[in-house]
Amino acid sequence: MNFPIDITQERIKELKVEFTRFRMAYKFALDEMTTKLNILNEEFSYIHDYNPIEHISTRLKSPDSLIKKVLKKNIPLSFDHIKDNIRDIAGIRITCSFRSDIYQISEMIQSQRDIEVIDIKDYITNPKPNGYRSLHLILKIPVFMSDREESVYVEVQIRTIAMDFWASLEHKIYYKYNQEVPEELLIELKEAAKTASDLDKKMEDLHKKVAVIKQEKDLIGDEMVNMIKQVSFPQMSNMLNGLLTEDKNTL
């Protein structure tokens, strides 16, 4: 994607095609990741009767946003340099209910044999100074095109609903104030991040308690089924007749 000063109309058309194919590779990588995540979520639901993923959203950098980042980072204007130096052209965000889901999903993604894990940043264990929390993965995804195979970077962000709500609010505030946010608002934002983190912990504790209660009920149910299985049909019939006789006598 080198741009000479004297560029012809034909070269402009070629660059347009090259740029379209360049972005398509990232779109296809997002499609592949979305399919993988949906399969993992559905399989997990069948096995554990529980969906760890609440929501999946994808984002492909717009041409304007991509060019601004290229210029800001002083990257040479070529597809190869952009591909090697910008790792968030394709982004996917996974929203979960609980913090434990985040690490479980991360492990499931990393266990995929055709995915290469490039980098992991844990902003949950080590939040950013402003209070931001999320788990970031930089992955390399193989994309099989009609005439070639490419491996492209995909940035994956995994967070809870509370973390996502806070991040969305923080983004809106920074946008409204054009990055110049008053100090008192920054302090309140950080306090809100702590509140969101405390809520995550409390909700996960409740979730664990409910799981224990459900497990105990399932055990009781299994014991009753086993007891019934051990009773022969004549015995069951006599037991029911006995109960009916008691009811008649009572009446």
# chains A, B, ... in the order shown; residues from 1 in each chain; ligands from 1
$ select_by_dssp --residues "stretch 32-244 of chain A" --states "alpha helix (DSSP H)" --output "MDAnalysis selection string"
chainID A and resid 32:48 63:72 79:85 99:110 161:176 183:230 233:244
$ closest_atom_pairs --of "stretch 115-165 of chain A" --to "stretch 47-66 of chain A" --cutoff "10 Å" --atoms "only C-alpha atoms" --output "JSON lines"
{"residue": "A:Val154", "atom": "CA", "partner": "A:Leu60", "partner_atom": "CA", "distance": 9.8}
{"residue": "A:Glu155", "atom": "CA", "partner": "A:Arg59", "partner_atom": "CA", "distance": 9.7}
{"residue": "A:Val156", "atom": "CA", "partner": "A:Thr58", "partner_atom": "CA", "distance": 9.2}
{"residue": "A:Gln157", "atom": "CA", "partner": "A:Ser57", "partner_atom": "CA", "distance": 10.0}
{"residue": "A:Ile158", "atom": "CA", "partner": "A:Ile56", "partner_atom": "CA", "distance": 9.4}
{"residue": "A:Arg159", "atom": "CA", "partner": "A:Ile53", "partner_atom": "CA", "distance": 10.0}
{"residue": "A:Thr160", "atom": "CA", "partner": "A:Glu54", "partner_atom": "CA", "distance": 8.9}
{"residue": "A:Ile161", "atom": "CA", "partner": "A:Glu54", "partner_atom": "CA", "distance": 8.3}
$ atom_distance --atom1 "atom CA of A:Glu150" --atom2 "atom CA of A:Lys13"
22.5 Å
$ residues_around --residues "A:Met33" --least-positions-apart "3" --cutoff "10 Å" --atoms "only C-alpha atoms" --output "list of chain:residue names"
A:Lys27, A:Phe28, A:Ala29, A:Leu30, A:Lys36, A:Leu37, A:Asn38, A:Ile39, A:Thr58, A:Ile92, A:Ile109, A:Ile115, A:Ile141, A:Val154, A:Val156
$ atom_distance --atom1 "atom CA of A:Phe165" --atom2 "atom CA of A:Ile89"
22.8 Å
$ closest_residue --among "A:Val117, A:Phe79, A:Ile124, A:Tyr177" --to "A:Ser100" --atoms "only C-alpha atoms"
A:Ile124
$ atom_distance --atom1 "atom CA of A:Lys190" --atom2 "atom CA of A:Thr125"
15.6 Å
